[in-house]
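Worksheet: one structure, shown below.
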Amino acid sequence: MARLIFLGPPGAGKGTQAHILAESLQIPHISTGDILRTAKNLGTPLGLKAKSYMDKGELVPDELVLQMVEERLSQPDAQAGWILDGFPRNVSQATFLDKLLQKLGQGYDSVLNLEVPDEALVVRLLERGRKEGRSDDTEEVIRRRLEVYRNQTAPLIDFYQGSRSLVSVDGNRSLEEVTYVLKRVVNP
Ligand code: AMP
């Protein structure tokens, strides 16, 4: 049983590493970005509302995201553990998560903070844009997403430092090296 929260700027490798760890721990990888992108591509009411924010690199309003996370964490497969990737993204989401977990009778084991310098993030995201064609991986939107990260998401490092469950990991290394370190952190 593991309950892990991934923190870090866009392009730090959260999605890739969360996917690998989730497979190895056999728990669901819950990415709010993936859920929102699927909703956007399907044109669901949620997706239609989220689209304009996502395309600009802004956070989707909390009222759309919180209920989505509550529903996902309440599902049967999430009772045996989970990895959250891309949520929480601001202090009010983190406060909501604390209350939700209390309500569900759950906690979390570690907050894994992947650290990568901005120059490397921009290079990685532009490369991903070329390969995967993600509409928000363009230079202008990438800059905005990094700003949003600094202003709204980075304060969560302090938020979780207080709970002593924060582990910062140098993400500016090969994928395999980062996986190796993360596995040692979660499976001591
Ligand atoms: P990601 O795949 O995590 O980089 O997310 C892509 C986009 O989805 C972000 O730029 C936001 O517009 C939106 N998004 C994902 N997760 C959240 C969240 N927890 N709160 C608000 N917006 C989110």
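In the structure tokens, each chain is lettered A, B, ... as it comes, each chain's residues begin at 1, and ligands are numbered from 1 in order of appearance.
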Using only C-alpha atoms and all ligand atoms, which residues of the polymer chains come no farther than 6 Å from ligand 1? I'd like the answer as a short mmCIF file (atom, residue, chain, number, x, y, z; two decimals) with N, CA and C atoms, in the first residue's frame.
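So the final result, stored in selection.cif, reads:
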```cif
data_model
loop_
_atom_site.label_atom_id
_atom_site.label_comp_id
_atom_site.auth_asym_id
_atom_site.auth_seq_id
_atom_site.Cartn_x
_atom_site.Cartn_y
_atom_site.Cartn_z
N PRO A 10 6.11 21.70 -14.62
CA PRO A 10 5.80 20.98 -15.85
C PRO A 10 7.10 20.56 -16.54
N THR A 32 -4.39 14.42 -13.03
CA THR A 32 -5.51 15.32 -13.34
C THR A 32 -5.35 15.89 -14.76
N GLY A 33 -4.10 16.11 -15.19
CA GLY A 33 -3.88 16.60 -16.56
C GLY A 33 -4.40 15.59 -17.58
N ASP A 34 -4.12 14.29 -17.35
CA ASP A 34 -4.61 13.25 -18.29
C ASP A 34 -6.13 13.20 -18.29
N TYR A 53 -8.69 27.28 -20.45
CA TYR A 53 -7.65 27.44 -19.44
C TYR A 53 -6.41 26.62 -19.82
N MET A 54 -6.65 25.39 -20.23
CA MET A 54 -5.53 24.49 -20.55
C MET A 54 -4.73 25.04 -21.74
N GLY A 57 -2.43 27.66 -20.63
CA GLY A 57 -1.45 27.32 -19.59
C GLY A 57 -1.87 27.76 -18.21
N GLU A 58 -3.14 28.14 -18.07
CA GLU A 58 -3.66 28.55 -16.76
C GLU A 58 -4.21 27.32 -16.03
N LEU A 59 -4.34 27.44 -14.71
CA LEU A 59 -4.99 26.35 -13.97
C LEU A 59 -6.49 26.36 -14.26
N VAL A 60 -7.04 25.19 -14.39
CA VAL A 60 -8.49 25.04 -14.51
C VAL A 60 -9.07 25.37 -13.13
N PRO A 61 -10.21 26.09 -13.07
CA PRO A 61 -10.73 26.49 -11.75
C PRO A 61 -10.96 25.31 -10.81
N VAL A 65 -12.04 20.89 -10.70
CA VAL A 65 -11.02 19.88 -10.45
C VAL A 65 -11.30 19.09 -9.16
N GLY A 86 0.09 15.91 -10.63
CA GLY A 86 -0.54 17.13 -11.14
C GLY A 86 -1.62 17.67 -10.23
N PHE A 87 -1.81 17.04 -9.11
CA PHE A 87 -2.76 17.50 -8.09
C PHE A 87 -2.16 17.18 -6.73
N PRO A 88 -2.16 18.08 -5.78
CA PRO A 88 -2.67 19.45 -5.83
C PRO A 88 -1.73 20.40 -6.57
N ARG A 89 -2.31 21.49 -7.04
CA ARG A 89 -1.59 22.45 -7.86
C ARG A 89 -1.55 23.83 -7.21
#
```
Practice problem: For Gly81 of chain A, list every protein, DNA or RNA residue within 10 Å, evaluated using only C-alpha atoms, and leave out those in the same chain fewer than 2 positions away; present the list as a ChimeraX atom specification. | Solution: /A:1-4,22,25-29,73,77-79,83-84,106-109
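Counting only C-alpha atoms and comparing A:Arg130, A:Val123, A:Ala39, A:Arg144, the residue that lies closest to Asn172 of chain A is A:Val123.
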Practice problem: Tell me, as an MDAnalysis selection string, which residues lie within 7 Å of segment 148-156 of chain A, counting only C-alpha atoms; anything in the same chain fewer than 2 positions away does not count. | Solution: chainID A and resid 9 58 89:91 144:146 158:160
Quiz prompt | Residue neighbourhood Leu175 of chain A, 10 Å, only C-alpha atoms, exclusion window fewer than 3 positions, as a PyMOL selection string | solution = chain A and resi 13+16-17+171-172+178-180
Same residues, C-alpha atoms, output as an mmCIF file, in the first residue's frame:
```cif
data_model
loop_
_atom_site.group_PDB
_atom_site.id
_atom_site.type_symbol
_atom_site.label_atom_id
_atom_site.label_comp_id
_atom_site.auth_asym_id
_atom_site.auth_seq_id
_atom_site.Cartn_x
_atom_site.Cartn_y
_atom_site.Cartn_z
ATOM 1 C CA GLY A 13 9.122 13.996 -15.427
ATOM 2 C CA THR A 16 6.731 9.378 -16.661
ATOM 3 C CA GLN A 17 7.983 8.513 -13.183
ATOM 4 C CA GLY A 171 15.139 15.208 -11.577
ATOM 5 C CA ASN A 172 17.812 16.593 -13.896
ATOM 6 C CA VAL A 178 15.520 9.171 -11.252
ATOM 7 C CA THR A 179 13.431 5.975 -11.166
ATOM 8 C CA TYR A 180 16.161 4.241 -9.172
#
```
Practice problem: Going by DSSP on the backbone, which bits of chain A are strand (DSSP E or B)? Write them as an NGL selection string, please. | Solution: :A and (2-7 or 29-31 or 81-85 or 110-115 or 166-170)
Practice problem: Work out how far apart atom CA of Ala50 of chain A and atom CA of Val111 of chain A are and give it in Å to one decimal. | Solution: 26.2 Å
Quiz item: Suppose you want the space between atom CA of Gly129 of chain A and atom CA of Ser168 of chain A; what is it in Å?
Solution: 26.4 Å
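Between atom CA of Ile35 of chain A and atom CA of Thr95 of chain A the separation is 20.9 Å.
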Exercise. Would you list, as number ranges by chain, the residues of chain A that end up in helix (DSSP H, G or I) under DSSP run on this structure's backbone?
Key: A: 14-25, 32-42, 45-56, 62-73, 76-80, 91-104, 118-132, 139-153, 155-161, 175-186
Self-check item: Leu166 of chain A surroundings by only C-alpha atoms, 8 Å radius, close-in-sequence under 3 positions cut, as a PyMOL selection string
Solution: chain A and resi 110-113+157+160-161+163
